[in-house]
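S.K.: I'm passing along upload13.cif; it holds mmCIF, C-alpha atoms.
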data_work
#
loop_
_atom_site.group_PDB
_atom_site.id
_atom_site.type_symbol
_atom_site.label_atom_id
_atom_site.label_comp_id
_atom_site.auth_asym_id
_atom_site.auth_seq_id
_atom_site.Cartn_x
_atom_site.Cartn_y
_atom_site.Cartn_z
ATOM 1 C CA MET E 1 -40.206 9.789 -44.450
ATOM 2 C CA ASN E 2 -40.758 6.248 -43.209
ATOM 3 C CA ILE E 3 -37.708 5.031 -45.144
ATOM 4 C CA TYR E 4 -35.456 7.604 -43.472
ATOM 5 C CA LYS E 5 -37.006 6.823 -40.104
ATOM 6 C CA TYR E 6 -36.303 3.101 -40.484
ATOM 7 C CA ARG E 7 -32.776 3.820 -41.737
ATOM 8 C CA LYS E 8 -32.111 5.920 -38.631
ATOM 9 C CA VAL E 9 -33.372 3.128 -36.366
ATOM 10 C CA ILE E 10 -31.232 0.572 -38.211
ATOM 11 C CA ASN E 11 -28.144 2.772 -37.875
ATOM 12 C CA GLN E 12 -28.781 3.162 -34.141
ATOM 13 C CA MET E 13 -29.107 -0.619 -33.779
ATOM 14 C CA LEU E 14 -25.858 -1.194 -35.675
ATOM 15 C CA ASN E 15 -24.040 1.391 -33.552
ATOM 16 C CA TRP E 16 -25.454 -0.214 -30.376
ATOM 17 C CA LYS E 17 -24.261 -3.645 -31.464
ATOM 18 C CA LYS E 18 -20.854 -2.230 -32.349
ATOM 19 C CA SER E 19 -20.475 -0.458 -29.011
ATOM 20 C CA ARG E 20 -21.693 -3.561 -27.171
ATOM 21 C CA SER E 21 -19.131 -5.745 -28.940
ATOM 22 C CA GLN E 22 -16.401 -3.240 -28.079
ATOM 23 C CA ILE E 23 -17.456 -3.287 -24.433
ATOM 24 C CA LEU E 24 -17.484 -7.103 -24.367
ATOM 25 C CA LEU E 25 -14.047 -7.180 -26.003
ATOM 26 C CA MET E 26 -12.709 -4.689 -23.469
ATOM 27 C CA TYR E 27 -14.064 -6.707 -20.532
ATOM 28 C CA ALA E 28 -12.651 -9.915 -21.985
ATOM 29 C CA LEU E 29 -9.234 -8.294 -22.350
ATOM 30 C CA LEU E 30 -9.332 -6.867 -18.818
ATOM 31 C CA GLY E 31 -10.468 -10.245 -17.479
ATOM 32 C CA ALA E 32 -7.557 -12.007 -19.181
ATOM 33 C CA ILE E 33 -5.096 -9.457 -17.730
ATOM 34 C CA ALA E 34 -6.649 -9.895 -14.272
ATOM 35 C CA VAL E 35 -6.266 -13.683 -14.475
ATOM 36 C CA VAL E 36 -2.603 -13.338 -15.440
ATOM 37 C CA MET E 37 -1.958 -10.876 -12.621
ATOM 38 C CA LEU E 38 -3.807 -12.957 -10.027
ATOM 39 C CA PHE E 39 -2.424 -16.347 -11.094
ATOM 40 C CA PRO E 40 0.578 -16.261 -8.668
ATOM 41 C CA LEU E 41 -1.797 -15.494 -5.787
ATOM 42 C CA LEU E 42 -4.193 -18.248 -6.858
ATOM 43 C CA TRP E 43 -1.285 -20.685 -7.129
ATOM 44 C CA LEU E 44 -0.115 -19.692 -3.643
ATOM 45 C CA ILE E 45 -3.583 -20.337 -2.213
ATOM 46 C CA SER E 46 -3.808 -23.647 -4.070
ATOM 47 C CA THR E 47 -0.439 -24.779 -2.696
ATOM 48 C CA ALA E 48 -1.421 -23.824 0.849
ATOM 49 C CA LEU E 49 -4.647 -25.861 0.609
ATOM 50 C CA LYS E 50 -3.072 -29.047 -0.774
ATOM 51 C CA SER E 51 -2.665 -32.059 1.479
ATOM 52 C CA PRO E 52 0.711 -33.772 2.078
ATOM 53 C CA THR E 53 -0.322 -36.627 -0.222
ATOM 54 C CA GLU E 54 -0.577 -34.342 -3.268
ATOM 55 C CA ASN E 55 2.382 -33.601 -5.495
ATOM 56 C CA ILE E 56 2.674 -29.824 -5.781
ATOM 57 C CA LEU E 57 5.369 -30.157 -8.480
ATOM 58 C CA GLN E 58 3.460 -32.508 -10.760
ATOM 59 C CA SER E 59 3.355 -31.965 -14.515
ATOM 60 C CA PRO E 60 1.024 -30.745 -15.833
ATOM 61 C CA PRO E 61 0.326 -28.609 -12.767
ATOM 62 C CA GLN E 62 -3.019 -28.897 -11.019
ATOM 63 C CA LEU E 63 -4.454 -25.614 -9.759
ATOM 64 C CA LEU E 64 -7.418 -27.010 -7.835
ATOM 65 C CA PRO E 65 -6.464 -29.166 -4.809
ATOM 66 C CA ALA E 66 -7.743 -32.738 -4.979
ATOM 67 C CA SER E 67 -8.459 -32.811 -1.238
ATOM 68 C CA PRO E 68 -8.372 -29.259 0.192
ATOM 69 C CA THR E 69 -7.293 -28.928 3.818
ATOM 70 C CA LEU E 70 -6.575 -26.176 6.354
ATOM 71 C CA ASP E 71 -4.076 -28.292 8.280
ATOM 72 C CA ASN E 72 -1.164 -26.361 6.804
ATOM 73 C CA PHE E 73 -2.427 -23.117 8.346
ATOM 74 C CA PHE E 74 -2.919 -24.727 11.752
ATOM 75 C CA SER E 75 0.530 -26.344 11.608
ATOM 76 C CA VAL E 76 2.202 -23.020 10.837
ATOM 77 C CA TRP E 77 0.228 -21.125 13.474
ATOM 78 C CA ASN E 78 0.860 -23.662 16.230
ATOM 79 C CA SER E 79 4.516 -24.435 15.497
ATOM 80 C CA LEU E 80 5.737 -20.806 15.535
ATOM 81 C CA PRO E 81 4.506 -17.788 17.515
ATOM 82 C CA PHE E 82 2.712 -16.324 14.509
ATOM 83 C CA GLY E 83 0.354 -14.477 16.822
ATOM 84 C CA GLN E 84 3.326 -12.556 18.246
ATOM 85 C CA TYR E 85 4.692 -11.970 14.742
ATOM 86 C CA LEU E 86 1.303 -10.626 13.671
ATOM 87 C CA TYR E 87 1.184 -8.301 16.676
ATOM 88 C CA ASN E 88 4.709 -7.026 15.987
ATOM 89 C CA SER E 89 3.976 -6.353 12.319
ATOM 90 C CA THR E 90 0.703 -4.620 13.142
ATOM 91 C CA LEU E 91 2.259 -2.410 15.812
ATOM 92 C CA VAL E 92 5.265 -1.461 13.686
ATOM 93 C CA SER E 93 3.160 -0.793 10.574
ATOM 94 C CA VAL E 94 0.508 1.292 12.362
ATOM 95 C CA LEU E 95 3.101 3.399 14.186
ATOM 96 C CA THR E 96 5.087 3.832 10.977
ATOM 97 C CA VAL E 97 2.002 5.020 9.103
ATOM 98 C CA GLY E 98 0.964 7.449 11.840
ATOM 99 C CA LEU E 99 4.407 8.990 12.325
ATOM 100 C CA ASN E 100 5.119 9.113 8.592
ATOM 101 C CA LEU E 101 1.865 10.937 7.861
ATOM 102 C CA LEU E 102 2.512 13.380 10.704
ATOM 103 C CA PHE E 103 6.067 14.311 9.764
ATOM 104 C CA CYS E 104 5.476 14.315 6.005
ATOM 105 C CA ALA E 105 2.429 16.556 6.387
ATOM 106 C CA LEU E 106 4.315 18.915 8.688
ATOM 107 C CA ALA E 107 7.185 19.138 6.194
ATOM 108 C CA ALA E 108 5.021 19.394 3.066
ATOM 109 C CA TYR E 109 2.730 22.179 4.305
ATOM 110 C CA PRO E 110 5.345 24.983 4.544
ATOM 111 C CA LEU E 111 6.936 23.822 1.290
ATOM 112 C CA ALA E 112 3.568 24.250 -0.433
ATOM 113 C CA ARG E 113 1.847 27.210 1.260
ATOM 114 C CA LEU E 114 4.499 29.360 2.965
ATOM 115 C CA SER E 115 7.073 31.641 1.369
ATOM 116 C CA PHE E 116 10.612 31.689 2.725
ATOM 117 C CA VAL E 117 14.128 31.928 1.375
ATOM 118 C CA GLY E 118 15.423 28.721 -0.189
ATOM 119 C CA ARG E 119 12.067 26.917 -0.170
ATOM 120 C CA ASP E 120 12.376 25.542 -3.711
ATOM 121 C CA TRP E 121 15.991 24.473 -3.192
ATOM 122 C CA ILE E 122 15.038 22.604 -0.015
ATOM 123 C CA PHE E 123 12.251 20.815 -1.869
ATOM 124 C CA VAL E 124 14.616 19.855 -4.720
ATOM 125 C CA ALA E 125 17.153 18.527 -2.208
ATOM 126 C CA ILE E 126 14.478 16.430 -0.480
ATOM 127 C CA VAL E 127 13.115 14.975 -3.709
ATOM 128 C CA SER E 128 16.649 14.206 -4.915
ATOM 129 C CA THR E 129 17.078 11.733 -2.065
ATOM 130 C CA ILE E 130 14.564 9.430 -3.789
ATOM 131 C CA MET E 131 17.352 8.458 -6.201
ATOM 132 C CA ILE E 132 19.603 7.227 -3.363
ATOM 133 C CA PRO E 133 19.248 3.432 -2.866
ATOM 134 C CA PHE E 134 18.543 2.232 0.660
ATOM 135 C CA GLN E 135 21.633 0.006 0.570
ATOM 136 C CA ILE E 136 23.846 3.103 0.474
ATOM 137 C CA VAL E 137 22.421 4.624 3.667
ATOM 138 C CA MET E 138 21.796 1.291 5.387
ATOM 139 C CA ILE E 139 25.123 1.157 7.265
ATOM 140 C CA PRO E 140 25.009 4.788 8.509
ATOM 141 C CA LEU E 141 21.416 4.236 9.595
ATOM 142 C CA TYR E 142 22.394 1.086 11.496
ATOM 143 C CA ILE E 143 25.277 2.874 13.260
ATOM 144 C CA LEU E 144 22.956 5.743 14.201
ATOM 145 C CA THR E 145 20.309 3.301 15.419
ATOM 146 C CA VAL E 146 22.843 1.523 17.652
ATOM 147 C CA GLN E 147 24.184 4.813 19.007
ATOM 148 C CA LEU E 148 20.650 5.907 19.905
ATOM 149 C CA GLY E 149 20.055 2.626 21.727
ATOM 150 C CA LEU E 150 17.231 1.575 19.398
ATOM 151 C CA ARG E 151 18.611 -1.822 18.401
ATOM 152 C CA ASN E 152 16.242 -4.701 19.212
ATOM 153 C CA SER E 153 13.263 -2.389 19.668
ATOM 154 C CA TYR E 154 10.069 -1.443 17.859
ATOM 155 C CA LEU E 155 11.268 2.130 17.455
ATOM 156 C CA GLY E 156 14.443 0.826 15.824
ATOM 157 C CA MET E 157 12.369 -0.773 13.081
ATOM 158 C CA ILE E 158 10.316 2.396 12.642
ATOM 159 C CA PHE E 159 13.250 4.825 12.713
ATOM 160 C CA PRO E 160 14.205 4.806 8.968
ATOM 161 C CA SER E 161 10.565 5.355 7.921
ATOM 162 C CA LEU E 162 9.669 8.311 10.142
ATOM 163 C CA ALA E 163 9.487 10.441 6.974
ATOM 164 C CA SER E 164 9.967 9.867 3.268
ATOM 165 C CA ALA E 165 10.798 12.082 0.324
ATOM 166 C CA PHE E 166 7.978 10.514 -1.682
ATOM 167 C CA GLY E 167 5.471 11.299 1.068
ATOM 168 C CA ILE E 168 6.614 14.922 1.287
ATOM 169 C CA PHE E 169 6.396 15.255 -2.496
ATOM 170 C CA LEU E 170 2.915 13.686 -2.661
ATOM 171 C CA LEU E 171 1.454 15.804 0.146
ATOM 172 C CA ARG E 172 3.099 18.998 -1.108
ATOM 173 C CA GLN E 173 1.414 18.553 -4.467
ATOM 174 C CA ALA E 174 -1.895 17.896 -2.694
ATOM 175 C CA PHE E 175 -1.537 20.990 -0.494
ATOM 176 C CA MET E 176 -0.771 23.115 -3.550
ATOM 177 C CA SER E 177 -4.066 22.041 -5.150
ATOM 178 C CA VAL E 178 -6.143 23.472 -2.284
ATOM 179 C CA PRO E 179 -7.675 26.826 -3.353
ATOM 180 C CA LYS E 180 -6.214 29.884 -1.667
ATOM 181 C CA GLU E 181 -9.730 31.205 -0.972
ATOM 182 C CA ILE E 182 -10.247 28.496 1.644
ATOM 183 C CA GLU E 183 -6.969 29.371 3.317
ATOM 184 C CA GLU E 184 -7.762 33.094 3.302
ATOM 185 C CA ALA E 185 -11.207 32.469 4.770
ATOM 186 C CA ALA E 186 -9.680 30.464 7.626
ATOM 187 C CA ARG E 187 -7.168 33.231 8.323
ATOM 188 C CA MET E 188 -9.943 35.834 8.400
ATOM 189 C CA ASP E 189 -11.728 33.715 11.000
ATOM 190 C CA GLY E 190 -8.642 34.000 13.221
ATOM 191 C CA SER E 191 -7.214 30.528 12.648
ATOM 192 C CA SER E 192 -3.587 30.026 13.646
ATOM 193 C CA GLU E 193 -1.073 28.460 11.294
ATOM 194 C CA LEU E 194 -1.187 25.141 13.124
ATOM 195 C CA GLY E 195 -4.986 25.282 13.334
ATOM 196 C CA LEU E 196 -5.184 26.025 9.622
ATOM 197 C CA TRP E 197 -2.965 23.011 8.919
ATOM 198 C CA TRP E 198 -4.968 20.690 11.163
ATOM 199 C CA HIS E 199 -8.576 21.793 10.603
ATOM 200 C CA VAL E 200 -8.491 22.958 6.982
ATOM 201 C CA MET E 201 -5.550 21.619 5.005
ATOM 202 C CA LEU E 202 -5.450 18.016 6.271
ATOM 203 C CA PRO E 203 -9.165 17.342 5.658
ATOM 204 C CA ALA E 204 -8.796 18.898 2.203
ATOM 205 C CA VAL E 205 -6.072 16.417 1.178
ATOM 206 C CA ARG E 206 -7.576 13.302 2.763
ATOM 207 C CA PRO E 207 -7.376 11.223 -0.454
ATOM 208 C CA ALA E 208 -3.629 11.914 -0.667
ATOM 209 C CA LEU E 209 -3.229 11.000 3.004
ATOM 210 C CA VAL E 210 -5.065 7.712 2.479
ATOM 211 C CA THR E 211 -2.958 6.941 -0.599
ATOM 212 C CA LEU E 212 0.256 7.631 1.287
ATOM 213 C CA ALA E 213 -0.976 5.577 4.249
ATOM 214 C CA ILE E 214 -1.547 2.551 1.992
ATOM 215 C CA PHE E 215 1.902 2.822 0.426
ATOM 216 C CA VAL E 216 3.628 3.258 3.796
ATOM 217 C CA PHE E 217 1.677 0.410 5.397
ATOM 218 C CA ILE E 218 2.512 -2.011 2.587
ATOM 219 C CA GLY E 219 6.176 -1.020 2.723
ATOM 220 C CA ALA E 220 6.390 -1.369 6.509
ATOM 221 C CA TRP E 221 4.398 -4.620 6.575
ATOM 222 C CA SER E 222 6.500 -6.338 3.918
ATOM 223 C CA ASP E 223 9.885 -4.931 4.971
ATOM 224 C CA PHE E 224 12.365 -7.757 5.465
ATOM 225 C CA LEU E 225 15.884 -6.343 5.165
ATOM 226 C CA TRP E 226 15.865 -3.657 7.866
ATOM 227 C CA PRO E 227 14.163 -5.763 10.609
ATOM 228 C CA LEU E 228 16.585 -8.579 9.779
ATOM 229 C CA ILE E 229 19.505 -6.211 10.401
ATOM 230 C CA VAL E 230 18.293 -4.406 13.501
ATOM 231 C CA ILE E 231 16.421 -7.230 15.310
ATOM 232 C CA GLN E 232 18.047 -10.261 16.928
ATOM 233 C CA ASP E 233 15.368 -11.023 19.519
ATOM 234 C CA GLU E 234 12.925 -13.538 18.027
ATOM 235 C CA ASN E 235 10.122 -12.139 20.186
ATOM 236 C CA LEU E 236 10.317 -8.956 18.073
ATOM 237 C CA TYR E 237 10.244 -10.736 14.697
ATOM 238 C CA THR E 238 7.748 -9.442 12.162
ATOM 239 C CA LEU E 239 5.784 -11.652 9.782
ATOM 240 C CA PRO E 240 8.335 -11.537 6.908
ATOM 241 C CA LEU E 241 11.018 -12.783 9.309
ATOM 242 C CA GLY E 242 8.633 -15.416 10.631
ATOM 243 C CA VAL E 243 7.852 -16.673 7.126
ATOM 244 C CA ALA E 244 11.588 -16.857 6.371
ATOM 245 C CA LYS E 245 12.021 -18.945 9.518
ATOM 246 C CA LEU E 246 9.582 -21.504 8.101
ATOM 247 C CA VAL E 247 12.211 -22.556 5.571
ATOM 248 C CA GLY E 248 14.491 -23.954 8.258
ATOM 249 C CA THR E 249 11.751 -25.163 10.597
ATOM 250 C CA PHE E 250 10.013 -27.444 8.092
ATOM 251 C CA SER E 251 12.938 -28.229 5.764
ATOM 252 C CA LEU E 252 11.393 -26.219 2.927
ATOM 253 C CA ASP E 253 7.874 -27.618 2.840
ATOM 254 C CA TRP E 254 6.297 -25.329 0.250
ATOM 255 C CA ARG E 255 2.771 -26.030 1.502
ATOM 256 C CA LEU E 256 3.581 -24.564 4.910
ATOM 257 C CA VAL E 257 5.596 -21.703 3.430
ATOM 258 C CA ALA E 258 2.623 -20.856 1.205
ATOM 259 C CA ALA E 259 0.271 -20.974 4.194
ATOM 260 C CA GLY E 260 2.537 -18.646 6.167
ATOM 261 C CA SER E 261 2.763 -16.284 3.200
ATOM 262 C CA ILE E 262 -1.026 -16.084 2.961
ATOM 263 C CA ILE E 263 -1.254 -15.267 6.666
ATOM 264 C CA ALA E 264 1.287 -12.510 6.072
ATOM 265 C CA ILE E 265 -0.391 -10.887 3.061
ATOM 266 C CA ALA E 266 -4.051 -11.256 4.102
ATOM 267 C CA PRO E 267 -4.094 -8.118 6.347
ATOM 268 C CA VAL E 268 -2.647 -6.000 3.525
ATOM 269 C CA LEU E 269 -5.345 -7.145 1.100
ATOM 270 C CA LEU E 270 -8.068 -6.469 3.665
ATOM 271 C CA LEU E 271 -6.663 -2.997 4.376
ATOM 272 C CA PHE E 272 -6.597 -2.115 0.686
ATOM 273 C CA LEU E 273 -10.160 -3.348 0.161
ATOM 274 C CA PHE E 274 -11.306 -1.258 3.127
ATOM 275 C CA LEU E 275 -9.486 1.953 2.186
ATOM 276 C CA GLN E 276 -9.855 1.952 -1.592
ATOM 277 C CA ARG E 277 -13.238 3.708 -1.374
ATOM 278 C CA TYR E 278 -11.516 6.671 0.277
ATOM 279 C CA ILE E 279 -9.097 7.133 -2.645
ATOM 280 C CA VAL E 280 -11.286 9.524 -4.600
ATOM 281 C CA PRO E 281 -10.546 12.901 -6.178
ATOM 282 C CA THR E 282 -10.965 15.731 -3.730
ATOM 283 C CA GLU E 283 -13.754 18.210 -4.348
ATOM 284 C CA THR E 284 -12.264 20.985 -2.237
ATOM 285 C CA GLY E 285 -12.580 23.609 -4.918
ATOM 286 C CA SER E 286 -16.102 22.697 -6.031
ATOM 287 C CA GLY E 287 -17.696 25.350 -3.826
ATOM 288 C CA VAL E 288 -15.225 28.115 -4.697
ATOM 289 C CA LYS E 289 -16.365 30.520 -7.399
ATOM 290 C CA GLY E 290 -14.082 32.939 -9.138
#
Take the structure in this file and express it as structure tokens.

M.R.:
Amino acid sequence: MNIYKYRKVINQMLNWKKSRSQILLMYALLGAIAVVMLFPLLWLISTALKSPTENILQSPPQLLPASPTLDNFFSVWNSLPFGQYLYNSTLVSVLTVGLNLLFCALAAYPLARLSFVGRDWIFVAIVSTIMIPFQIVMIPLYILTVQLGLRNSYLGMIFPSLASAFGIFLLRQAFMSVPKEIEEAARMDGSSELGLWWHVMLPAVRPALVTLAIFVFIGAWSDFLWPLIVIQDENLYTLPLGVAKLVGTFSLDWRLVAAGSIIAIAPVLLLFLFLQRYIVPTETGSGVKG
């Protein structure tokens, strides 16, 4: 009996060592992938912190700055109205996210929960627009924006992103996952269709709303082509346009361009770190029993 007992203990120890080595190997592999993925960002930060006396194009390259300095950030901030650029990007991105969530949720709800003639065909037509490149509709959108008097305005930058086929698709799938028992209970309590959408359905799909908000915010924050087309007033420039202006202002000093790029991407990283805890699977149906 003792021999079998010791053999069992030995087998458990061997399995524990094997599983531990697998875990260490997995973490080492994930760490190597993370380093590769983060290397461009680390190189950007390193370039922004290097002093003018350092050679950023030396071979072999040096990742750690010899004499780190924040002068590049102050030079960029003081030479151009980056505060105004930051305000413009924040305003445009926040309004784009709010309006996109509103219109996409309003469009996705009837496509998911209501029955009417042609519903599936309408959904297919909407999703099909994802395959159309923006460059094809760019000129008609610009003509429409000018005709509506939205050129050189915040609303002109927001106009193409008021709704998106991807957002409608994402929220429709989320609405379809909500159990019908919750909807029927709300109707029995006398809830109107709009009240059901606002008080029941939207809270039930909050993870999908947060996910869509992150995607829309990143797209609006980093958008360069459309603001470049529709905006000529430099007071309305967003951060991507401001960073592009650094190339001509400083005769392509990569230290200052890197510093401006970090200022531009820092809010997006902070937003993702803040909102990632809300991207969790919904437990709407956990309290519903068949």

S.K.: For range 111-118 of chain E, work out the shell of residues within 12 Å, counting all atoms listed in the file and skipping chain neighbours fewer than 2 positions away, then give it as a PyMOL selection string.

M.R.: chain E and resi 104-109+120-127+168-180+183-184+193+196-197+201

S.K.: With distances taken over only C-alpha atoms, which of E:Ile45, E:Ile136, E:Leu101, E:Leu80 is nearest to Pro68 in chain E?

M.R.: E:Ile45

S.K.: Extending 5 Å beyond the listed atoms of range 99-102 of chain E on each side, what axis-aligned box results? I want centre and edge lengths in Å to one decimal, as AutoDock Vina command-line options.

M.R.:
--center_x 3.5 --center_y 11.2 --center_z 10.1 --size_x 13.3 --size_y 14.4 --size_z 14.5

S.K.: Suppose a student applies the PyMOL selection byres ((chain E and resi 227) around 10) to this structure; what residues should they get, written as a PyMOL selection string?

M.R.: chain E and resi 151-154+156-158+220+223-226+228-232+236-238+240-241

S.K.: Counting all atoms listed in the file, which of E:Ile262, E:Leu246, E:Ala163, E:Leu273 gets nearest to Leu95 in chain E?

M.R.: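 Smallest separation from Leu95 in chain E among the options: E:Ala163.
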
S.K.: Rounded to one decimal in Å, what is the spacing between CA of Pro40 in chain E and CA of Leu63 in chain E?

M.R.: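 Between these atoms lies a distance of 10.7 Å.
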
S.K.: On this structure, the PyMOL selection byres ((chain E and resi 214) around 10) would catch which residues? List them as a ChimeraX atom specification, sorted by chain and number.

M.R.: /E:97,208-213,215-220,268,271-272,275-276,279

S.K.: Need the shell around His199 in chain E: protein/DNA/RNA residues with any atom at most 12 Å away, counting all atoms listed in the file. Skip same-chain ones fewer than 5 positions apart. Format as a ChimeraX atom specification?

M.R.: /E:182-183,186-187,191-194,204-206
